[in-house]
Amino acid sequence: MELMLIIIIGCYVIVSYQFGRKIALRRLPVIFVCLALGIGLIILTRLLPRQWQDFVWSGFFIISSLFLWANIAILYRRIAQAGDILLDIGRPQGGIVFGITGIVCALFAGGSFIIKPFTSGDIETARQVENISSGLFWLSLGAHLFVIYLLRWSIRKCGILAYGQMLKWAKIEGFHWDTARPSTLVLKIKRFLPLWQSLYIKVPSDKIDTAAEILESNLPVT
């Protein structure tokens with residue numbers, strides 16, 4: 001429970017720092033939904049025998065790691081197909097600090113989990129597998145954070161690169177500028193769940209006009 005509280009506070013602080021308190025409050029439902037899914041998974045696994053719990057978590061960590069690396073590979077393939085850069089937006093505000101902090105924490109957590117089976121000889125095999133797989137997950141998450149926060153965002157010929165995603169124009173329903181923070185671009189993404197449809201991007205003040213011109217020629221204003 002303490003870890004979940006730290007995650008909520010950490011996500012709120014990052015979004016609030018980048019976009020302001022109003023937008024941070026809008027994103028809280030997304031955080032709570034993700035945490036609710038995590039709590040549900042924990043409850044379900046605890047209904048299983050102890051050994052099966054370890055294998056279930058091992059499978060979850062391995063699948064998640066593969067998903068993160070596949071996402072990185074797909075992202076770079078899409079970037080290669082996205083065409084020329086029309087406007088370099090730069091990195092997100094505080095991106096280097098948040099990115100390096102996240103990477104260091106992920107590397108520390110991943111390393112501690114991986115070496116644990118080799119320093120504690122009395123751990124069961126199932127628990128050893130879980131520790132190694134969870135360590136690989138944290139290392140994979142660190143690589144993913146590196147891509148999200150340290151990769152420069154940009155508007156390209158075929159879409160927008162932000163948050164470790166290459167969004168093609170056809171994937172975006174429209175855009176508008178936040179009234180409280182005119183430098184914050186709000187994209188409406190075509191997604192099934194309403195909570196995930198809004199994407200916020202902070203554009204440098206000296207590039208707002210250029211960004212608006214490019215966006216208006218490719219997207220409707222919502």
# chains A, B, ... in the order shown; residues from 1 in each chain; ligands from 1
>>> closest_atom_pairs(of="segment 58-112 of chain A", to="segment 33-47 of chain A", cutoff="12 Å", atoms="only C-alpha atoms", output="tab-separated table")
residue	atom	partner	partner_atom	distance
A:Ser58	CA	A:Thr45	CA	11.6
A:Gly59	CA	A:Thr45	CA	11.9
A:Phe60	CA	A:Leu41	CA	10.0
>>> select_by_dssp(residues="segment 126-210 of chain A", states="strand (DSSP E)", output="count of residues only")
29
>>> residues_around(residues="Gln197 of chain A", least_positions_apart="5", cutoff="6 Å", atoms="only C-alpha atoms", output="ChimeraX atom specification")
/A:188-189,191
>>> write_last_selection(atoms="C-alpha atoms", output="mmCIF file, in the first residue's frame")
data_model
loop_
_atom_site.group_PDB
_atom_site.id
_atom_site.type_symbol
_atom_site.label_atom_id
_atom_site.label_comp_id
_atom_site.auth_asym_id
_atom_site.auth_seq_id
_atom_site.Cartn_x
_atom_site.Cartn_y
_atom_site.Cartn_z
ATOM 1 C CA LYS A 188 -7.472 13.862 -28.763
ATOM 2 C CA ILE A 189 -6.348 10.335 -29.600
ATOM 3 C CA ARG A 191 -8.700 5.136 -28.286
#
>>> select_by_dssp(residues="segment 94-196 of chain A", states="helix (DSSP H, G or I)", output="ChimeraX atom specification")
/A:95-119,125-150,169-171,194-196
>>> closest_residue(among="A:Leu161, A:Val147, A:Ile63, A:Ile74", to="Gly102 of chain A", atoms="only C-alpha atoms")
A:Val147
>>> residues_around(residues="Trp177 of chain A", least_positions_apart="2", cutoff="12 Å", atoms="only C-alpha atoms", output="list of chain:residue names")
A:Gly174, A:Phe175, A:Thr179, A:Ala180, A:Arg181, A:Pro182, A:Ser183, A:Thr184, A:Leu185, A:Val186, A:Leu187, A:Lys188, A:Ser198, A:Leu199, A:Tyr200, A:Ile201, A:Lys202, A:Val203, A:Ile208, A:Asp209, A:Ala211, A:Ala212, A:Leu215, A:Glu216, A:Val221, A:Thr222
>>> closest_residue(among="A:Phe108, A:Phe61, A:Tyr76, A:Phe113", to="Ile148 of chain A", atoms="only C-alpha atoms")
A:Tyr76
>>> atom_distance(atom1="atom CA of Ser112 of chain A", atom2="atom CA of Leu75 of chain A")
28.9 Å
>>> closest_residue(among="A:Leu219, A:Ile89, A:Ile96, A:Leu145", to="Lys171 of chain A", atoms="only C-alpha atoms")
A:Leu219
>>> atom_distance(atom1="atom CA of Gly111 of chain A", atom2="atom CA of Gly135 of chain A")
6.2 Å
>>> residues_around(residues="Leu167 of chain A", least_positions_apart="4", cutoff="10 Å", atoms="only C-alpha atoms", output="ChimeraX atom specification")
/A:75,78-79,82,155-156,158-163,171-172,189
>>> atom_distance(atom1="atom CA of Glu173 of chain A", atom2="atom CA of Asp88 of chain A")
21.7 Å
